[in-house]
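Participant: Starting off with a structure, shown below.
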Amino acid sequence: MATINQAAVKKDLYDAVNGDWLKTAEIPDDHASTGGFMDLVDAIEKTLMHDFDAMAAGETEPSDPQLAEFIKFYQLTKDFKQRDAAGAKPILPCLKQIDSLSDFADLQQRMPDWIYDGLPLPFSLDVDADMKNTKVNALFAQAPGTILPDKTYYDEGNEAGPKLLAVYGQMMTQLLQKTGYSEAEAQQIVDDTLKFDRLIVPWVKSAEEAADYSKMYNPRDFKDFANDSKYLDLAAITYSVINGNPEIVILPEPAFFDHFNEVINPENFDMMKNWMKAKLVQRLSGYLSDDMRTLGTTYSRTLSGQKEPRNQAKSAYYLASGTFDQVVGLYYGHKYFGEAAKADVHQMVEKMIGVYKRRLEANTWLSADTRAKAITKLNNLGIQVGYPDKLEAVYTKFHTLSAADGGSVLSNALAFGRIARKDMFAKWDQPTDRTRWEMSADTVNAYYHPFMNIIVFPAAILQAPFYSLEQSSSANYGGIGAVIAHEISHAFDNNGALFDEFGNLHNWWTEADSAHFKELAKSMITEFDGLDFAGAKVNGTLTVSENIADAGGLSCAEEAAKSEPDVDLSAFFTNWAMVWRMKATKQYMQLLLSIDVHAPAKLRANVQPKNLDDFYTTFDITAADPMYLAPDQRVKIW
C-alpha cells in the first residue's frame with residue numbers, strides 16, 4: 001500500500017487517500033457511480049458473464065440441474081431477435097385481465113391468482129418472521145409503493161418531485177402506446193395513475209420514519225383487518241393464499257389500512273385500474289423488446305443521473321441472474337471462493353466477536369444486568385460466510401420453457417415468481433429458517449438480520465481491497481475487519497438493540513441504560529445531521545443506525561489490528577478510507593441523501609476516524625487541523 005501524505009490527511013483523510021483516483025476516475029455511461037464497491041461488482045459481472053456465455057454457447061456444461069435451467073433462461077434473455085419480434089405481445093394477456101375488470105366483486109374473484117402472479121394490486125400480503133416470536137412465520141400486509149422514491153419528494157417546495165413526475169409521465173405515455181393504447185388512452189392512464197398515486201402518499205412512511213424498525217411491528221387482530229375494507233373481502237382473499245386462520249396481521253404502515261376505504265373505493269375504481277396498468281407495464285417492460293426495455297429505464301436513469309441504459313448483453317445477464325440469484329451465487333461461491341477461504345474468514349469473524357465480547361465485558365456505562373444480556377446476544381449471534389451450505393429447495397421447481405416450446409422471457413419469469421410466492425405463503429405459521437440467505441453469494445455487500453440475530457458476509461465482498469492475503473493485517477482490519485465489526489455492531493445499534501438474542505422485539509435493557517444509550521445515539525445524530533454534501537444536507541436521524549454501526553465497527557477493528565504484531569495504524573486508516581472511495585452523479589448522491597440509511601461514502605470515511613483518539617496520534621493531528629475534533633465532541637458508543 002502506498003505511503004500516505006500525512007499533511008494531506010490533516011486536511012481530509014478521504015481526499016488524501018483517494019484524491020489521485022478521483023481526478024482520473026470516470027463514471028461509465030451505464031452507471032450512476034464508480035468506486036470501491038462498484039469496481040468489485042463490475043469485475044464479478046465480467047467473470048460470470050464470461051462463464052455463462054460459454055455455457056449458453058454450449059462450450060462448457062453447467063455443473064448442476066438448477067444451473068442448467070438458469071442457462072436456458074439466460075439464453076432466452078440474450079435472444080433479442082426473438083424478444084424484438086414478440087414486442088409487447090407477452091404482456092398483453094396481463095393487461096387484458098386488468099382492462100376487463102368490471103368492479104370490486106370481479107377483482108375479488110381474481111385476486112388470489114393475481115397475488116400469486118405478482119400483478120400490481122393496491123395492497124400486498126407476504127410472510128416473514130413474527131417480530132415478537134421469530135421462531136414462527138407471520139402474515140404481513142403492505143401498503144403499495146409511491147412513484148417518487150420518498151414521500152418527501154411530494155412536499156411543496158421540493159423542486160425535484162414535479163420534474164421527476166413529468167419524466168415518469170412522458171415515459172409511461174410512450175410505453176403504454178407501445179402496448180397498443182392510443183395516445184389519448186395512454187395519457188388518460190397516466191393522468192389517473194398520478195392521481196391515484198397522490199391518494200397513497202399521505203398514508204405511507206417516509207424513509208426516515210421507515211428506518212425505525214420497531215415501528216414496523218403493528219399487529220392488528222385479523223377480524224379488525226378484515227373490516228378495514230368495505231369493498232373487498234380481505235378475509236376471503238387471505239384465506240385463498242394462506243392455509244389456516246391467522247389471528248393477527250402485521251402492518252408496517254398501519255395508516256394506509258386505517259384509510260383504506262378513502263383510497264380503495266368504487267369512486268376510484270377506474271382510476272385504480274389505470275394505476276394497475278401503468279404499474280404493470282413499468283414493472284415488466286424490462287422483460288420485453290429492447291426498445292421497451294431501454295425506454296422503461298428512462299425514469300430511473302433520470303433519478304440517478306445515469307446517462308445510458310445497460311447494453312443488451314449486460315441487461316440480459318442481470319435479468320437472468322436476478323431471477324436465479326441464489327443459483328448464480330452458489331456457483332460463484334464454490335468456484336471463486338471455496339471452502340478454505342470460507343473457513344479462514346469464519347475464524348476472522350469469530351475473532352472480531354471475541355474483541356466485541358471483551359469490549360462489552362469492560363464497558364463502563366452499561367449496568368451488569370444489561371451487559372450480561374448483551375453478551376448473551378453476542379454468544380447467540382449466527383455467522384454465515386461465503387455462500388449457503390445448500391440451495392433453497394424452491395429453485396429445484398424452476399423449469400425454463402424454451403422458445404421452441406412457446407416460452408418467453410416474461411412467461412418464464414411470471415411462472416418462477418408464482419412458484420416463489422406459493423412457496424412463501426406455504427411458510428405461514430411454519431418455523432423460520434435461520435440458515436436461509438437473503439443475499440446471494442455474488443453480492444458485494446454484507447448484512448445483519450435483527451429478526452434472526454445473524455450476520456452474513458457473501459463471498460463477493462471477501463476480496464481486495466476489503467480482504468486479501470497480499471495486504472497487511474492492519475489493512476485487512478481497516479477493510480473487512482471493520483465491515484465484520486460493523487455488522488456485529490448492528491446488533492447493538494438503535495434498531496438492533498431493540499431485539500434479543502433470538503431476534504425477538506423485546507426490551508432487554510434497564511431503564512437507565514436505555515436512556516443513556518438513547519443520549520449517545522442522539523450525539524451520533526448530531527455529529528452527522530446537517531453536514532453539507534452534494535448541494536444538500538445529511539439527515540442524521542435517517543442515517544443514525546448505520547453511523548452507530550460504522551463507529552463500533554471501526555473502533556473494534558482498530559483494537560483487533562493493534563493486537564497483531566505487524567500493526568500499522570496508518571495502513572488501517574488508509575484502507576478504511578480507500579474502501580469508501582466513490583465517484584457518483586450529483587443526482588445519485590442527492591437521491592441517496594433522501595432515501596439511504598447510510599451516510600455518504602466520503603463522510604463515512606472521514607467522520608468516524610475523528611472519533612478515535614489513535615487517529616490523532618497516528619497522523620499528528622492537532623487542534624489547528626481541519627480533521628481535528630475536540631475530545632468532548634468525539635462520539636464513543638461501543
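We label chains A, B, ... in the order they appear in the C-alpha cells, count residues from 1 in each chain, and number ligands from 1 in the order shown.
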Which of range 21-222 of chain A counts as strand (DSSP E) under DSSP, as a VMD selection string please?

Facilitator: chain A and resid 33 to 35 124 to 130 133 to 142 219 to 221

Participant: Where in range 98-254 of chain A does DSSP assign helix (DSSP H, G or I), given as a ChimeraX atom specification?

Facilitator: /A:98-99,104-117,151-154,160-178,183-203,207-210,213-216,222-226,234-241,254

Participant: Go ahead and save the picked residues with C-alpha atoms, as a short mmCIF file (atom, residue, chain, number, x, y, z; two decimals), in the first residue's frame.

Facilitator:
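The resulting file, again_8.cif, is reproduced below:
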data_model
loop_
_atom_site.label_atom_id
_atom_site.label_comp_id
_atom_site.auth_asym_id
_atom_site.auth_seq_id
_atom_site.Cartn_x
_atom_site.Cartn_y
_atom_site.Cartn_z
CA ILE A 98 -56.88 -5.60 -15.88
CA ASP A 99 -58.78 -3.97 -18.76
CA PHE A 104 -64.60 -4.92 -6.91
CA ALA A 105 -66.52 -8.21 -6.90
CA ASP A 106 -64.73 -9.11 -10.12
CA LEU A 107 -61.37 -8.10 -8.65
CA GLN A 108 -62.17 -10.11 -5.53
CA GLN A 109 -62.66 -13.25 -7.60
CA ARG A 110 -59.36 -12.84 -9.46
CA MET A 111 -57.32 -11.64 -6.51
CA PRO A 112 -55.79 -14.99 -5.44
CA ASP A 113 -54.33 -15.64 -8.90
CA TRP A 114 -53.14 -12.05 -9.15
CA ILE A 115 -51.42 -12.26 -5.79
CA TYR A 116 -49.59 -15.41 -6.87
CA ASP A 117 -48.71 -13.86 -10.22
CA LYS A 151 -42.91 10.89 0.26
CA THR A 152 -40.75 13.96 0.96
CA TYR A 153 -40.43 14.38 -2.83
CA TYR A 154 -44.13 15.29 -2.90
CA ALA A 160 -37.23 17.59 -7.94
CA GLY A 161 -40.67 15.99 -7.46
CA PRO A 162 -42.65 17.67 -10.27
CA LYS A 163 -39.74 17.30 -12.72
CA LEU A 164 -39.44 13.59 -11.99
CA LEU A 165 -43.19 13.05 -12.32
CA ALA A 166 -43.09 14.77 -15.72
CA VAL A 167 -40.34 12.39 -16.85
CA TYR A 168 -42.32 9.44 -15.48
CA GLY A 169 -45.49 10.61 -17.26
CA GLN A 170 -43.75 11.03 -20.62
CA MET A 171 -42.06 7.62 -20.31
CA MET A 172 -45.29 5.84 -19.37
CA THR A 173 -47.29 7.51 -22.16
CA GLN A 174 -44.79 6.17 -24.69
CA LEU A 175 -44.60 2.72 -23.11
CA LEU A 176 -48.39 2.36 -22.99
CA GLN A 177 -48.65 3.32 -26.65
CA LYS A 178 -46.19 0.54 -27.48
CA GLU A 183 -52.08 8.43 -27.33
CA ALA A 184 -55.29 9.70 -25.71
CA GLU A 185 -55.86 6.41 -23.86
CA ALA A 186 -52.26 6.32 -22.71
CA GLN A 187 -52.47 9.92 -21.45
CA GLN A 188 -55.66 9.10 -19.52
CA ILE A 189 -54.00 6.09 -17.90
CA VAL A 190 -51.04 8.25 -16.87
CA ASP A 191 -53.25 11.05 -15.51
CA ASP A 192 -55.22 8.56 -13.42
CA THR A 193 -52.04 6.88 -12.24
CA LEU A 194 -50.63 10.16 -10.94
CA LYS A 195 -53.93 10.97 -9.19
CA PHE A 196 -54.15 7.54 -7.55
CA ASP A 197 -50.51 7.73 -6.50
CA ARG A 198 -51.29 11.01 -4.72
CA LEU A 199 -54.04 9.29 -2.73
CA ILE A 200 -51.47 6.83 -1.34
CA VAL A 201 -48.83 9.38 -0.35
CA PRO A 202 -50.33 10.71 2.92
CA TRP A 203 -50.67 7.23 4.42
CA ALA A 207 -37.58 6.82 4.57
CA GLU A 208 -36.76 8.41 7.93
CA GLU A 209 -39.92 7.01 9.52
CA ALA A 210 -39.36 3.58 7.98
CA TYR A 213 -37.66 -0.96 12.78
CA SER A 214 -39.65 -1.13 16.00
CA LYS A 215 -42.46 0.86 14.39
CA MET A 216 -42.82 -1.80 11.69
CA PHE A 222 -57.37 -10.42 11.91
CA LYS A 223 -61.06 -9.63 12.35
CA ASP A 224 -60.26 -5.93 12.56
CA PHE A 225 -58.03 -6.18 9.49
CA ALA A 226 -60.85 -7.91 7.60
CA LEU A 234 -59.88 -9.14 2.92
CA ALA A 235 -60.53 -12.28 4.97
CA ALA A 236 -61.53 -14.33 1.92
CA ILE A 237 -58.55 -13.00 -0.02
CA THR A 238 -56.22 -14.02 2.81
CA TYR A 239 -57.75 -17.48 3.17
CA SER A 240 -57.24 -18.05 -0.55
CA VAL A 241 -53.45 -17.88 -0.17
CA PRO A 254 -50.96 0.91 9.56
#

Participant: At a cut-off of 7 Å, using only C-alpha atoms, what residues contact range 547-552 of chain A? Leave out same-chain residues fewer than 6 positions from it and give the result as number ranges by chain.

Facilitator: A: 485-487, 489-490, 493, 524, 608, 637-638

Participant: How about saving the chosen residues, all heavy atoms kept, as a PDB file, in the first residue's frame?

Facilitator:
ATOM      1  N   ALA A 485     -17.057  -6.064  11.966  1.00  0.00           N
ATOM      2  CA  ALA A 485     -17.437  -5.452  13.243  1.00  0.00           C
ATOM      3  C   ALA A 485     -18.623  -4.505  13.078  1.00  0.00           C
ATOM      4  O   ALA A 485     -19.420  -4.332  14.004  1.00  0.00           O
ATOM      5  CB  ALA A 485     -16.242  -4.715  13.842  1.00  0.00           C
ATOM      6  N   HIS A 486     -18.755  -3.875  11.893  1.00  0.00           N
ATOM      7  CA  HIS A 486     -19.921  -3.042  11.585  1.00  0.00           C
ATOM      8  C   HIS A 486     -21.191  -3.871  11.697  1.00  0.00           C
ATOM      9  O   HIS A 486     -22.170  -3.454  12.324  1.00  0.00           O
ATOM     10  CB  HIS A 486     -19.774  -2.469  10.168  1.00  0.00           C
ATOM     11  CG  HIS A 486     -21.006  -1.825   9.611  1.00  0.00           C
ATOM     12  ND1 HIS A 486     -21.168  -0.454   9.536  1.00  0.00           N
ATOM     13  CD2 HIS A 486     -22.145  -2.354   9.085  1.00  0.00           C
ATOM     14  CE1 HIS A 486     -22.352  -0.180   9.002  1.00  0.00           C
ATOM     15  NE2 HIS A 486     -22.958  -1.333   8.706  1.00  0.00           N
ATOM     16  N   GLU A 487     -21.182  -5.070  11.093  1.00  0.00           N
ATOM     17  CA  GLU A 487     -22.387  -5.905  11.126  1.00  0.00           C
ATOM     18  C   GLU A 487     -22.659  -6.399  12.543  1.00  0.00           C
ATOM     19  O   GLU A 487     -23.821  -6.470  12.964  1.00  0.00           O
ATOM     20  CB  GLU A 487     -22.255  -7.074  10.151  1.00  0.00           C
ATOM     21  CG  GLU A 487     -22.063  -6.659   8.690  1.00  0.00           C
ATOM     22  CD  GLU A 487     -23.135  -5.715   8.168  1.00  0.00           C
ATOM     23  OE1 GLU A 487     -24.235  -5.651   8.717  1.00  0.00           O
ATOM     24  OE2 GLU A 487     -22.848  -4.991   7.174  1.00  0.00           O
ATOM     25  N   SER A 489     -21.937  -4.719  15.182  1.00  0.00           N
ATOM     26  CA  SER A 489     -22.436  -3.520  15.871  1.00  0.00           C
ATOM     27  C   SER A 489     -23.920  -3.280  15.617  1.00  0.00           C
ATOM     28  O   SER A 489     -24.603  -2.683  16.446  1.00  0.00           O
ATOM     29  CB  SER A 489     -21.639  -2.286  15.447  1.00  0.00           C
ATOM     30  OG  SER A 489     -20.297  -2.380  15.853  1.00  0.00           O
ATOM     31  N   HIS A 490     -24.409  -3.741  14.446  1.00  0.00           N
ATOM     32  CA  HIS A 490     -25.839  -3.573  14.163  1.00  0.00           C
ATOM     33  C   HIS A 490     -26.716  -4.280  15.201  1.00  0.00           C
ATOM     34  O   HIS A 490     -27.864  -3.903  15.396  1.00  0.00           O
ATOM     35  CB  HIS A 490     -26.176  -4.088  12.764  1.00  0.00           C
ATOM     36  CG  HIS A 490     -26.046  -3.052  11.694  1.00  0.00           C
ATOM     37  ND1 HIS A 490     -26.604  -1.778  11.825  1.00  0.00           N
ATOM     38  CD2 HIS A 490     -25.442  -3.073  10.485  1.00  0.00           C
ATOM     39  CE1 HIS A 490     -26.333  -1.083  10.722  1.00  0.00           C
ATOM     40  NE2 HIS A 490     -25.634  -1.839   9.899  1.00  0.00           N
ATOM     41  N   ASP A 493     -27.107  -1.382  17.597  1.00  0.00           N
ATOM     42  CA  ASP A 493     -27.419  -0.012  17.192  1.00  0.00           C
ATOM     43  C   ASP A 493     -28.814   0.348  17.709  1.00  0.00           C
ATOM     44  O   ASP A 493     -29.445  -0.414  18.436  1.00  0.00           O
ATOM     45  CB  ASP A 493     -27.277   0.177  15.682  1.00  0.00           C
ATOM     46  CG  ASP A 493     -28.345  -0.551  14.860  1.00  0.00           C
ATOM     47  OD1 ASP A 493     -29.411  -0.880  15.412  1.00  0.00           O
ATOM     48  OD2 ASP A 493     -28.114  -0.790  13.657  1.00  0.00           O
ATOM     49  N   MET A 524     -24.696  10.881  18.104  1.00  0.00           N
ATOM     50  CA  MET A 524     -24.326  10.438  16.762  1.00  0.00           C
ATOM     51  C   MET A 524     -25.198  11.129  15.710  1.00  0.00           C
ATOM     52  O   MET A 524     -24.709  11.496  14.633  1.00  0.00           O
ATOM     53  CB  MET A 524     -24.457   8.917  16.646  1.00  0.00           C
ATOM     54  CG  MET A 524     -23.934   8.358  15.329  1.00  0.00           C
ATOM     55  SD  MET A 524     -22.150   8.617  15.087  1.00  0.00           S
ATOM     56  CE  MET A 524     -21.483   7.314  16.128  1.00  0.00           C
ATOM     57  N   GLN A 608     -15.888   9.075  11.022  1.00  0.00           N
ATOM     58  CA  GLN A 608     -15.670   8.078  12.082  1.00  0.00           C
ATOM     59  C   GLN A 608     -14.241   8.047  12.632  1.00  0.00           C
ATOM     60  O   GLN A 608     -14.064   7.930  13.857  1.00  0.00           O
ATOM     61  CB  GLN A 608     -16.093   6.690  11.595  1.00  0.00           C
ATOM     62  CG  GLN A 608     -17.576   6.560  11.280  1.00  0.00           C
ATOM     63  CD  GLN A 608     -18.489   6.856  12.468  1.00  0.00           C
ATOM     64  OE1 GLN A 608     -18.041   6.972  13.604  1.00  0.00           O
ATOM     65  NE2 GLN A 608     -19.777   6.987  12.189  1.00  0.00           N
ATOM     66  N   ILE A 637     -19.558   5.020  21.468  1.00  0.00           N
ATOM     67  CA  ILE A 637     -20.680   4.234  21.992  1.00  0.00           C
ATOM     68  C   ILE A 637     -20.219   2.815  22.310  1.00  0.00           C
ATOM     69  O   ILE A 637     -20.267   2.364  23.443  1.00  0.00           O
ATOM     70  CB  ILE A 637     -21.861   4.227  20.993  1.00  0.00           C
ATOM     71  CG1 ILE A 637     -22.314   5.675  20.732  1.00  0.00           C
ATOM     72  CG2 ILE A 637     -23.014   3.370  21.523  1.00  0.00           C
ATOM     73  CD1 ILE A 637     -23.474   5.807  19.756  1.00  0.00           C
ATOM     74  N   TRP A 638     -19.761   2.111  21.293  1.00  0.00           N
ATOM     75  CA  TRP A 638     -19.262   0.744  21.523  1.00  0.00           C
ATOM     76  C   TRP A 638     -17.746   0.731  21.364  1.00  0.00           C
ATOM     77  O   TRP A 638     -17.211   0.149  20.516  1.00  0.00           O
ATOM     78  CB  TRP A 638     -19.929  -0.254  20.575  1.00  0.00           C
ATOM     79  CG  TRP A 638     -21.417  -0.294  20.780  1.00  0.00           C
ATOM     80  CD1 TRP A 638     -22.375   0.055  19.872  1.00  0.00           C
ATOM     81  CD2 TRP A 638     -22.117  -0.672  21.952  1.00  0.00           C
ATOM     82  NE1 TRP A 638     -23.636  -0.080  20.400  1.00  0.00           N
ATOM     83  CE2 TRP A 638     -23.513  -0.529  21.693  1.00  0.00           C
ATOM     84  CE3 TRP A 638     -21.744  -1.099  23.219  1.00  0.00           C
ATOM     85  CZ2 TRP A 638     -24.491  -0.819  22.640  1.00  0.00           C
ATOM     86  CZ3 TRP A 638     -22.716  -1.376  24.158  1.00  0.00           C
ATOM     87  CH2 TRP A 638     -24.059  -1.246  23.874  1.00  0.00           C
TER      88      TRP A 638
END

Participant: One number please: CA of Pro309 in chain A to CA of Val281 in chain A, in Å, one decimal.

Facilitator: 17.6 Å

Participant: Which one is closest to Lys46 in chain A: A:Leu67, A:Ala497, A:Leu92, A:Ala313? Count only C-alpha atoms.

Facilitator: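 Closest to Lys46 in chain A, using only C-alpha atoms: A:Ala313.
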
Participant: Can you list, as a ChimeraX atom specification, every protein, DNA or RNA residue that comes within 12 Å of Ile375 in chain A when you count only C-alpha atoms, leaving out same-chain residues fewer than 5 positions away?

Facilitator: /A:353-363,366,368-370,380-381,488,491-492,500-501,508

Participant: Kindly give the distance, in Å, that separates CA of Asp389 in chain A and CA of Gly322 in chain A, rounded to a single decimal.

Facilitator: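 About the pair CA of Asp389 in chain A and CA of Gly322 in chain A: they are 20.0 Å apart.
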
Participant: Given the choices A:Asn137, A:Thr574, A:Thr294, A:Thr541, which gets closest to Pro465 in chain A if the distance is worked out from only C-alpha atoms?

Facilitator: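 Checking each of A:Asn137, A:Thr574, A:Thr294, A:Thr541 against Pro465 in chain A, counting only C-alpha atoms, the winner is A:Thr574.
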
Participant: Measure the distance from CA of Leu554 in chain A to CA of Gln463 in chain A in Å and round it to one decimal.

Facilitator: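 The value is 18.4 Å.
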
Participant: Can you list, as a ChimeraX atom specification, every protein, DNA or RNA residue that comes within 10 Å of Ser315 in chain A when you count only C-alpha atoms, leaving out same-chain residues fewer than 6 positions away?

Facilitator: /A:77-78,286-287,290,293-294,309,321

Participant: Quick one: everything within 7 Å of range 443-459 of chain A, counting only C-alpha atoms, minus sequence neighbours fewer than 2 positions away in the same chain. Send it as a PyMOL selection string.

Facilitator: chain A and resi 37+40-41+129+131+134+333+337+381-387+434+439-441+461-462+487-488+490-491+496+499+501-504

Participant: If you count only C-alpha atoms, which residues fall within 12 Å of Gly36 in chain A, apart from same-chain ones fewer than 4 positions away, as a list in words?

Facilitator: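 Skipping anything fewer than 4 positions along the chain leaves Asn18, Trp21, Leu22, Ala25, Leu40, Val41, Asp42, Ala43, Val444, Asn445, Ile461, Gln463, Ala464, Pro465, Phe466, Gly479, Asn575, Trp576, Ala577, Met578, Val579, Trp580, Arg581, Met582, Lys583, Ala584, Ala601 and Lys602 of chain A.
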
Participant: With only C-alpha atoms as the basis for distance, which of A:Ala211, A:Met271, A:Leu592, A:Ala561 is at the shortest distance from Glu546 in chain A?

Facilitator: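 Ranked by minimum distance to Glu546 in chain A, first place goes to A:Ala211.
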
Participant: For each of A:Met424, A:Leu76, A:Leu95, A:Val394, take the minimum atom-to-atom distance to Lys279 in chain A, counting only C-alpha atoms, then give the residue where this is smallest.

Facilitator: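 Checking each of A:Met424, A:Leu76, A:Leu95, A:Val394 against Lys279 in chain A, counting only C-alpha atoms, the winner is A:Leu95.
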